[in-house]
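Asker: Could you have a look at this structure, given as structure tokens, before my questions?
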Amino acid sequence: MSGDFLALAQPGVQQLSPYVPGKPVDELARELDLDPANIVKLASNENPLGAGPKALAAIREAVGELTRYPDGNGFALKSLLAERCGVEIDQVTLGNGSNDILELVARAYLAPGLNAVFSEHAFAVYPIVTQAVGAEARVVPAKDWGHDLPAMLQVIDANTRVVFIANPNNPTGTWFGAEALSDFLQDVPAHVLVVLDEAYIEYAEGDDLPDGLDFLAAYPNLLVSRTFSKAYGLAALRVGYGLSTAVVADVLNRVRQPFNVNSLALAAACAALQDTEYLEQSRRLNEAGMQQLQEGARALGLSWIASKGNFIAIDLGRLAAPVFQGLLREGVIVRPVANYGMPNHLRITIGLPAENARFLEALAKVLARG
């Protein structure tokens with residue numbers, strides 16, 4: 001006799017849809033019989049430069065130790081992060097990508113009867129980790145596609161344990177300033193852990209965005225989450241980190257899986273963190289690419305959401321799904337975001353100049369077909 005294993009799953013899990021990543025190049029090539037070498041992927045907010053030379057050299061050096069378990073405490077990387085971020089080593093939690101940090105928070109602090117607060121159009125992992133542990137997801141309507149922080153404060157109650165905020169936000173690219181963040185943190189009750197997701201913070205220039213680290217000492221209920229997947233170009237290796245009080249970090253480490261960050265990722269992240277030339281090159285490329293895509297969208301009569309990430313959400317003024325399919329047939333992969341409540345938008349990752357041009361050319365062709 002077989003059971004209904006969907007019905008047997010946790011109620012929150014039953015209501016979830018699996019996370020859908022950007023379509024892989026090889027998958028599109030198989031589906032449409034295309035040459036993989038001629039496919040452009042601008043769907044997953046990856047760094048188009050590829051991994052930096054120092055990170056690659058560190059990986060090659062670490063390959064010889066693949067039979068050994070990684071350092072489960074990640075001492076070398078934690079030490080570098082603590083020094084760079086101006087915190088103590090016991091305030092650092094390492095994750096298998098920053099997604100892992102988000103899940104650790106949910107497992108440690110959420111449960112049935114409790115709730116987490118986050119914004120409409122925010123990162124899809126927030127509802128996934130919240131509902132997976134049986135907690136209530138409180139989604140606050142966005143304001144101008146971004147976080148309405150005062151409105152988010154209004155829905156916090158005695159059963160709220162976590163608030164997820166992203167700066168800049170994915171997939172909209174919207175952001176809030178230092179004053180807005182300061183006002184928000186001052187008013188959040190002490191029993192609520194604020195997770196400030198700064199996955200794209202390295203693309204910020206000067207004072208464009210507040211640095212979450214500047215607020216850590218004043219707010220023991222703040223955790224700053226960051227990643228090496230974007231500006232540092234290490235998405236495949238899955239390494240991220242959280243910065244918080246030592247108490248919160250200790251709690252997260254109680255539920256963290258042993259050896260959650262592999263040896264190659266640890267070595268590459270240490271090297272990438274010290275490769276300032278690569279990071280600056282990534283910023284310059286992103287800045288130029290953003291301008292290229294904005295000018296291309298303007299020439300096509302399209303609008304977009306101003307973004308501080310390495311991506312831009314373009315408003316097609318009509319349902320985006322048919323345009324997305326048309327782009328696939330042209331060998332261009334971007335990201336539809338209807339699942340984020342944005343059915344008329346496509347999110348495009350900033351690529352190399354030739355990749356951006358290829359996308360704009362394909363988009364013009366698809367739109368001309370009607």
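Ligands are numbered from 1 in the order shown, residues from 1 within each chain, and chains are lettered A, B, ... in the order they appear in the structure tokens.
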Would you mind listing what lies within 9 Å of A:Glu287 as a ChimeraX atom specification, with only C-alpha atoms counted and same-chain residues fewer than 4 positions away left out?
Answerer: /A:203,282-283,291-292,310,350
Asker: Run DSSP on the backbone and grab whatever in stretch 2-229 of chain A lands in alpha helix (DSSP H); send it over as a CSV table (one decimal) with C-alpha atoms, in the first residue's frame.
Answerer:
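To be explicit, this is the file written out as selection_29.csv:
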chain,number,residue,atom,x,y,z
A,11,PRO,CA,1.4,21.9,5.3
A,12,GLY,CA,3.8,24.8,4.5
A,13,VAL,CA,5.8,22.5,2.2
A,14,GLN,CA,2.7,21.4,0.4
A,25,VAL,CA,22.8,26.5,-21.5
A,26,ASP,CA,23.0,22.8,-22.2
A,27,GLU,CA,19.3,22.3,-21.5
A,28,LEU,CA,18.3,24.9,-24.0
A,29,ALA,CA,20.8,23.5,-26.6
A,30,ARG,CA,19.1,20.1,-26.2
A,31,GLU,CA,15.6,21.4,-26.3
A,32,LEU,CA,16.0,23.6,-29.4
A,53,PRO,CA,42.9,34.5,-11.4
A,54,LYS,CA,43.8,34.4,-7.7
A,55,ALA,CA,40.7,32.3,-6.9
A,56,LEU,CA,41.5,29.9,-9.8
A,57,ALA,CA,45.1,29.5,-8.6
A,58,ALA,CA,43.9,28.8,-5.1
A,59,ILE,CA,41.6,26.1,-6.4
A,60,ARG,CA,44.4,24.4,-8.3
A,61,GLU,CA,46.5,24.4,-5.2
A,62,ALA,CA,43.7,22.9,-3.1
A,75,PHE,CA,39.1,29.2,10.3
A,76,ALA,CA,41.2,30.8,7.5
A,77,LEU,CA,38.1,32.4,5.7
A,78,LYS,CA,36.5,33.4,9.0
A,79,SER,CA,39.7,35.1,10.1
A,80,LEU,CA,39.9,37.1,6.8
A,81,LEU,CA,36.3,38.0,7.0
A,82,ALA,CA,36.5,39.1,10.6
A,83,GLU,CA,39.5,41.3,9.8
A,84,ARG,CA,37.9,42.8,6.7
A,85,CYS,CA,34.6,43.4,8.3
A,98,SER,CA,24.1,32.9,1.4
A,99,ASN,CA,20.9,30.9,0.8
A,100,ASP,CA,22.3,28.5,3.5
A,101,ILE,CA,22.5,31.4,6.0
A,102,LEU,CA,18.8,32.2,5.3
A,103,GLU,CA,17.8,28.6,5.9
A,104,LEU,CA,19.9,28.4,9.1
A,105,VAL,CA,18.0,31.4,10.4
A,106,ALA,CA,14.6,29.9,9.6
A,107,ARG,CA,15.6,26.5,11.2
A,108,ALA,CA,16.9,28.2,14.3
A,109,TYR,CA,14.2,30.9,14.9
A,125,VAL,CA,14.0,31.9,-0.8
A,126,TYR,CA,12.4,33.9,2.0
A,127,PRO,CA,9.0,32.2,1.6
A,128,ILE,CA,10.6,28.9,0.9
A,129,VAL,CA,12.6,28.8,4.2
A,130,THR,CA,9.7,30.3,6.2
A,131,GLN,CA,7.0,27.9,5.0
A,132,ALA,CA,9.3,24.9,5.0
A,149,LEU,CA,9.9,49.6,5.5
A,150,PRO,CA,7.3,51.5,7.6
A,151,ALA,CA,4.6,49.2,6.4
A,152,MET,CA,6.7,46.2,7.3
A,153,LEU,CA,7.1,47.5,10.8
A,154,GLN,CA,3.3,47.6,11.1
A,178,ALA,CA,21.1,54.7,5.4
A,179,GLU,CA,18.5,56.9,7.1
A,180,ALA,CA,15.6,54.5,6.1
A,181,LEU,CA,17.6,51.6,7.4
A,182,SER,CA,18.5,53.4,10.7
A,183,ASP,CA,14.9,54.4,11.3
A,184,PHE,CA,13.7,50.8,10.6
A,185,LEU,CA,16.3,49.2,12.9
A,186,GLN,CA,15.4,51.6,15.7
A,187,ASP,CA,11.8,50.6,15.6
Asker: Please provide as a count of residues only all residues within 9 Å of A:Pro353, with the sequence filter that same-chain residues fewer than 6 positions apart are discarded (counting only C-alpha atoms).
Answerer: 4
Asker: Would you pick out the contacts of stretch 341-348 of chain A at 9 Å or less, using only C-alpha atoms, so that residues sharing its chain but fewer than 4 positions from it are not included, and give the list as a VMD selection string?
Answerer: chain A and resid 42 to 45 120 to 121 171 to 172 293 304 310 to 321 323 to 324 333 to 337 359
Asker: Please provide the set of residues having any atom within 12 Å of A:Val163, restricted to only C-alpha atoms, with same-chain residues fewer than 2 positions apart removed, written as number ranges by chain.
Answerer: A: 102, 105-106, 109-110, 114-119, 122, 126-127, 130, 136-140, 147, 149, 152-157, 159-161, 165-166, 184-185, 188-197, 221-224
Asker: Rounded to one decimal place, report the atom CA of A:Asp71-atom CA of A:Leu216 distance in Å.
Answerer: 26.7 Å
Asker: Compile the contact shell of A:Gly240 as an mmCIF file with N, CA, C and O atoms, in the first residue's frame: residues with an atom at most 7 Å away, counting only C-alpha atoms, same-chain residues fewer than 5 positions apart removed.
Answerer:
data_model
loop_
_atom_site.group_PDB
_atom_site.id
_atom_site.type_symbol
_atom_site.label_atom_id
_atom_site.label_comp_id
_atom_site.auth_asym_id
_atom_site.auth_seq_id
_atom_site.Cartn_x
_atom_site.Cartn_y
_atom_site.Cartn_z
ATOM 1 N N LEU A 94 29.619 30.714 8.357
ATOM 2 C CA LEU A 94 29.809 30.394 6.940
ATOM 3 C C LEU A 94 28.641 29.562 6.431
ATOM 4 O O LEU A 94 28.107 28.717 7.151
ATOM 5 N N GLY A 95 28.280 29.803 5.177
ATOM 6 C CA GLY A 95 27.162 29.075 4.594
ATOM 7 C C GLY A 95 27.479 28.544 3.215
ATOM 8 O O GLY A 95 28.385 29.029 2.540
ATOM 9 N N ASN A 96 26.715 27.542 2.810
ATOM 10 C CA ASN A 96 26.819 26.982 1.460
ATOM 11 C C ASN A 96 26.065 27.931 0.527
ATOM 12 O O ASN A 96 24.948 27.659 0.100
ATOM 13 N N GLY A 97 26.681 29.064 0.251
ATOM 14 C CA GLY A 97 26.000 30.188 -0.362
ATOM 15 C C GLY A 97 25.239 30.945 0.708
ATOM 16 O O GLY A 97 25.001 30.429 1.809
ATOM 17 N N SER A 98 24.855 32.185 0.423
ATOM 18 C CA SER A 98 24.097 32.933 1.428
ATOM 19 C C SER A 98 22.700 32.348 1.620
ATOM 20 O O SER A 98 22.074 32.560 2.664
ATOM 21 N N ARG A 226 25.879 37.914 3.293
ATOM 22 C CA ARG A 226 26.580 38.241 2.045
ATOM 23 C C ARG A 226 27.046 36.967 1.348
ATOM 24 O O ARG A 226 26.975 35.885 1.907
ATOM 25 N N THR A 227 27.530 37.134 0.110
ATOM 26 C CA THR A 227 27.866 35.961 -0.693
ATOM 27 C C THR A 227 29.095 36.216 -1.562
ATOM 28 O O THR A 227 29.422 37.371 -1.865
ATOM 29 N N PHE A 228 29.730 35.139 -1.970
ATOM 30 C CA PHE A 228 30.818 35.200 -2.950
ATOM 31 C C PHE A 228 30.328 34.825 -4.351
ATOM 32 O O PHE A 228 31.119 34.712 -5.276
#
Asker: Pick out the closest residue to A:Asp214 from this set: A:Gly326, A:Gly134, A:Gly86, A:Pro21. Count only C-alpha atoms.
Answerer: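 Counting only C-alpha atoms, the residue closest to A:Asp214 is A:Gly86.
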Asker: Determine which residues of stretch 63-133 of chain A DSSP labels as strand (DSSP E or B) from the backbone of this structure, then write them out as a list in words.
Answerer: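 Going through stretch 63-133 of chain A, the strand (DSSP E or B) residues come out as Val92, Thr93, Leu94, Gly95, Asn115, Ala116, Val117, Phe118 and Ser119 of chain A.
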Asker: How about saving the chosen residues, all heavy atoms kept, as a compact mmCIF listing (two decimals), in the first residue's frame?
Answerer:
# COMPACT_ATOMS: atom_id res chain seq x y z
N VAL A 92 31.12 35.36 12.88
CA VAL A 92 31.02 34.96 11.48
C VAL A 92 30.42 33.56 11.38
O VAL A 92 30.88 32.64 12.07
CB VAL A 92 32.40 34.99 10.79
CG1 VAL A 92 32.25 34.65 9.30
CG2 VAL A 92 33.08 36.34 10.97
N THR A 93 29.42 33.40 10.53
CA THR A 93 28.85 32.09 10.20
C THR A 93 29.04 31.85 8.72
O THR A 93 28.67 32.70 7.91
CB THR A 93 27.35 32.02 10.53
OG1 THR A 93 27.13 32.39 11.89
CG2 THR A 93 26.80 30.62 10.28
N LEU A 94 29.62 30.71 8.36
CA LEU A 94 29.81 30.39 6.94
C LEU A 94 28.64 29.56 6.43
O LEU A 94 28.11 28.72 7.15
CB LEU A 94 31.12 29.64 6.74
CG LEU A 94 32.40 30.38 7.12
CD1 LEU A 94 33.62 29.52 6.80
CD2 LEU A 94 32.50 31.72 6.38
N GLY A 95 28.28 29.80 5.18
CA GLY A 95 27.16 29.08 4.59
C GLY A 95 27.48 28.54 3.22
O GLY A 95 28.38 29.03 2.54
N ASN A 115 6.04 33.80 12.88
CA ASN A 115 5.98 34.34 11.53
C ASN A 115 7.24 35.10 11.15
O ASN A 115 8.01 35.54 12.02
CB ASN A 115 4.75 35.23 11.35
CG ASN A 115 4.82 36.52 12.15
OD1 ASN A 115 5.55 37.44 11.82
ND2 ASN A 115 4.01 36.59 13.22
N ALA A 116 7.44 35.20 9.84
CA ALA A 116 8.52 36.02 9.27
C ALA A 116 7.90 37.05 8.35
O ALA A 116 6.88 36.79 7.68
CB ALA A 116 9.50 35.15 8.49
N VAL A 117 8.50 38.23 8.31
CA VAL A 117 7.99 39.34 7.51
C VAL A 117 8.98 39.63 6.39
O VAL A 117 10.20 39.68 6.62
CB VAL A 117 7.79 40.60 8.39
CG1 VAL A 117 7.41 41.81 7.54
CG2 VAL A 117 6.75 40.34 9.47
N PHE A 118 8.46 39.82 5.19
CA PHE A 118 9.31 40.25 4.07
C PHE A 118 8.44 40.94 3.03
O PHE A 118 7.21 40.94 3.12
CB PHE A 118 10.10 39.09 3.46
CG PHE A 118 9.29 37.86 3.16
CD1 PHE A 118 8.65 37.71 1.95
CD2 PHE A 118 9.18 36.83 4.10
CE1 PHE A 118 7.91 36.57 1.67
CE2 PHE A 118 8.45 35.69 3.83
CZ PHE A 118 7.81 35.56 2.61
N SER A 119 9.07 41.53 2.03
CA SER A 119 8.36 42.35 1.06
C SER A 119 7.86 41.56 -0.14
O SER A 119 8.43 40.53 -0.52
CB SER A 119 9.30 43.47 0.56
OG SER A 119 8.69 44.24 -0.44
Asker: Within 10 Å of A:Asn167, counting only C-alpha atoms, which residues qualify if same-chain residues fewer than 3 places away don't, as a list in words?
Answerer: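 Near neighbours after the sequence-gap exclusion: Gly146, His147, Asn170, Gly173, Thr174, Trp175, Phe176, Gly177, Leu181, Leu196, Asp197, Glu198, Ala199, Tyr200, Ile201, Leu209, Pro210, Asp211, Gly212, Lys308 and Gly309 of chain A.
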Asker: Could you save those same residues with N, CA, C and O atoms as an mmCIF file, in the first residue's frame?
Answerer:
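Result file again32.cif:
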data_model
loop_
_atom_site.group_PDB
_atom_site.id
_atom_site.type_symbol
_atom_site.label_atom_id
_atom_site.label_comp_id
_atom_site.auth_asym_id
_atom_site.auth_seq_id
_atom_site.Cartn_x
_atom_site.Cartn_y
_atom_site.Cartn_z
ATOM 1 N N GLY A 146 9.849 48.444 -4.438
ATOM 2 C CA GLY A 146 10.831 48.196 -3.392
ATOM 3 C C GLY A 146 10.201 47.990 -2.028
ATOM 4 O O GLY A 146 8.982 47.968 -1.863
ATOM 5 N N HIS A 147 11.039 47.855 -1.009
ATOM 6 C CA HIS A 147 10.582 47.627 0.356
ATOM 7 C C HIS A 147 9.877 48.859 0.907
ATOM 8 O O HIS A 147 10.402 49.971 0.837
ATOM 9 N N ASN A 170 16.526 41.638 -4.972
ATOM 10 C CA ASN A 170 16.446 40.796 -6.161
ATOM 11 C C ASN A 170 15.017 40.246 -6.234
ATOM 12 O O ASN A 170 14.543 39.690 -5.239
ATOM 13 N N GLY A 173 16.022 45.100 -8.020
ATOM 14 C CA GLY A 173 17.190 45.976 -8.007
ATOM 15 C C GLY A 173 17.016 47.220 -7.167
ATOM 16 O O GLY A 173 17.920 48.052 -7.091
ATOM 17 N N THR A 174 15.858 47.364 -6.513
ATOM 18 C CA THR A 174 15.572 48.548 -5.710
ATOM 19 C C THR A 174 16.411 48.552 -4.431
ATOM 20 O O THR A 174 16.906 47.516 -3.993
ATOM 21 N N TRP A 175 16.523 49.746 -3.832
ATOM 22 C CA TRP A 175 17.348 49.864 -2.630
ATOM 23 C C TRP A 175 16.796 50.969 -1.726
ATOM 24 O O TRP A 175 15.968 51.772 -2.135
ATOM 25 N N PHE A 176 17.271 50.955 -0.473
ATOM 26 C CA PHE A 176 16.921 52.021 0.471
ATOM 27 C C PHE A 176 18.204 52.572 1.069
ATOM 28 O O PHE A 176 19.253 51.922 1.062
ATOM 29 N N GLY A 177 18.118 53.799 1.578
ATOM 30 C CA GLY A 177 19.301 54.493 2.071
ATOM 31 C C GLY A 177 19.574 54.268 3.547
ATOM 32 O O GLY A 177 18.821 53.579 4.248
ATOM 33 N N LEU A 181 17.187 52.751 6.693
ATOM 34 C CA LEU A 181 17.602 51.558 7.422
ATOM 35 C C LEU A 181 17.725 51.859 8.913
ATOM 36 O O LEU A 181 17.285 51.066 9.760
ATOM 37 N N LEU A 196 19.524 41.276 7.057
ATOM 38 C CA LEU A 196 19.801 42.227 5.981
ATOM 39 C C LEU A 196 20.608 41.499 4.906
ATOM 40 O O LEU A 196 21.790 41.230 5.075
ATOM 41 N N ASP A 197 19.941 41.187 3.823
ATOM 42 C CA ASP A 197 20.520 40.403 2.731
ATOM 43 C C ASP A 197 21.247 41.354 1.774
ATOM 44 O O ASP A 197 20.613 42.107 1.033
ATOM 45 N N GLU A 198 22.566 41.305 1.817
ATOM 46 C CA GLU A 198 23.389 42.197 0.998
ATOM 47 C C GLU A 198 24.168 41.413 -0.056
ATOM 48 O O GLU A 198 25.363 41.614 -0.256
ATOM 49 N N ALA A 199 23.463 40.560 -0.793
ATOM 50 C CA ALA A 199 24.126 39.704 -1.785
ATOM 51 C C ALA A 199 24.801 40.509 -2.894
ATOM 52 O O ALA A 199 25.748 40.021 -3.523
ATOM 53 N N TYR A 200 24.318 41.732 -3.130
ATOM 54 C CA TYR A 200 24.849 42.530 -4.247
ATOM 55 C C TYR A 200 25.571 43.787 -3.775
ATOM 56 O O TYR A 200 25.849 44.680 -4.563
ATOM 57 N N ILE A 201 25.904 43.859 -2.496
ATOM 58 C CA ILE A 201 26.437 45.078 -1.907
ATOM 59 C C ILE A 201 27.760 45.503 -2.546
ATOM 60 O O ILE A 201 28.086 46.694 -2.625
ATOM 61 N N LEU A 209 24.731 52.866 -1.168
ATOM 62 C CA LEU A 209 23.946 52.016 -0.272
ATOM 63 C C LEU A 209 24.538 52.074 1.128
ATOM 64 O O LEU A 209 25.754 52.198 1.285
ATOM 65 N N PRO A 210 23.703 51.935 2.156
ATOM 66 C CA PRO A 210 24.261 51.826 3.511
ATOM 67 C C PRO A 210 24.998 50.502 3.659
ATOM 68 O O PRO A 210 24.624 49.500 3.042
ATOM 69 N N ASP A 211 26.049 50.511 4.436
ATOM 70 C CA ASP A 211 26.794 49.292 4.740
ATOM 71 C C ASP A 211 26.221 48.709 6.025
ATOM 72 O O ASP A 211 26.317 49.317 7.091
ATOM 73 N N GLY A 212 25.638 47.514 5.915
ATOM 74 C CA GLY A 212 25.024 46.893 7.083
ATOM 75 C C GLY A 212 25.975 46.716 8.244
ATOM 76 O O GLY A 212 25.556 46.705 9.413
ATOM 77 N N LYS A 308 20.520 48.716 -8.428
ATOM 78 C CA LYS A 308 21.873 48.782 -7.873
ATOM 79 C C LYS A 308 22.528 47.408 -7.847
ATOM 80 O O LYS A 308 23.572 47.228 -7.202
ATOM 81 N N GLY A 309 21.932 46.432 -8.523
ATOM 82 C CA GLY A 309 22.518 45.095 -8.585
ATOM 83 C C GLY A 309 23.300 44.902 -9.863
ATOM 84 O O GLY A 309 23.711 45.856 -10.535
#
Asker: Point out the residue among A:Ser229, A:Gln294, A:Thr245, A:Gln15 with the least atom-to-atom distance to A:Glu46, counting only C-alpha atoms.
Answerer: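 The shortest atom-to-atom distance to A:Glu46 comes from A:Ser229.
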Asker: Mind giving me the straight-line distance from atom CA of A:Asn286 to atom CA of A:Pro48 in Å, one decimal?
Answerer: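 It comes out at 9.1 Å.
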Asker: If you measure from atom CA of A:Asp144 to atom CA of A:Tyr340, what distance in Å do you get, rounded to one decimal?
Answerer: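 Separation of atom CA of A:Asp144 and atom CA of A:Tyr340: 14.4 Å.
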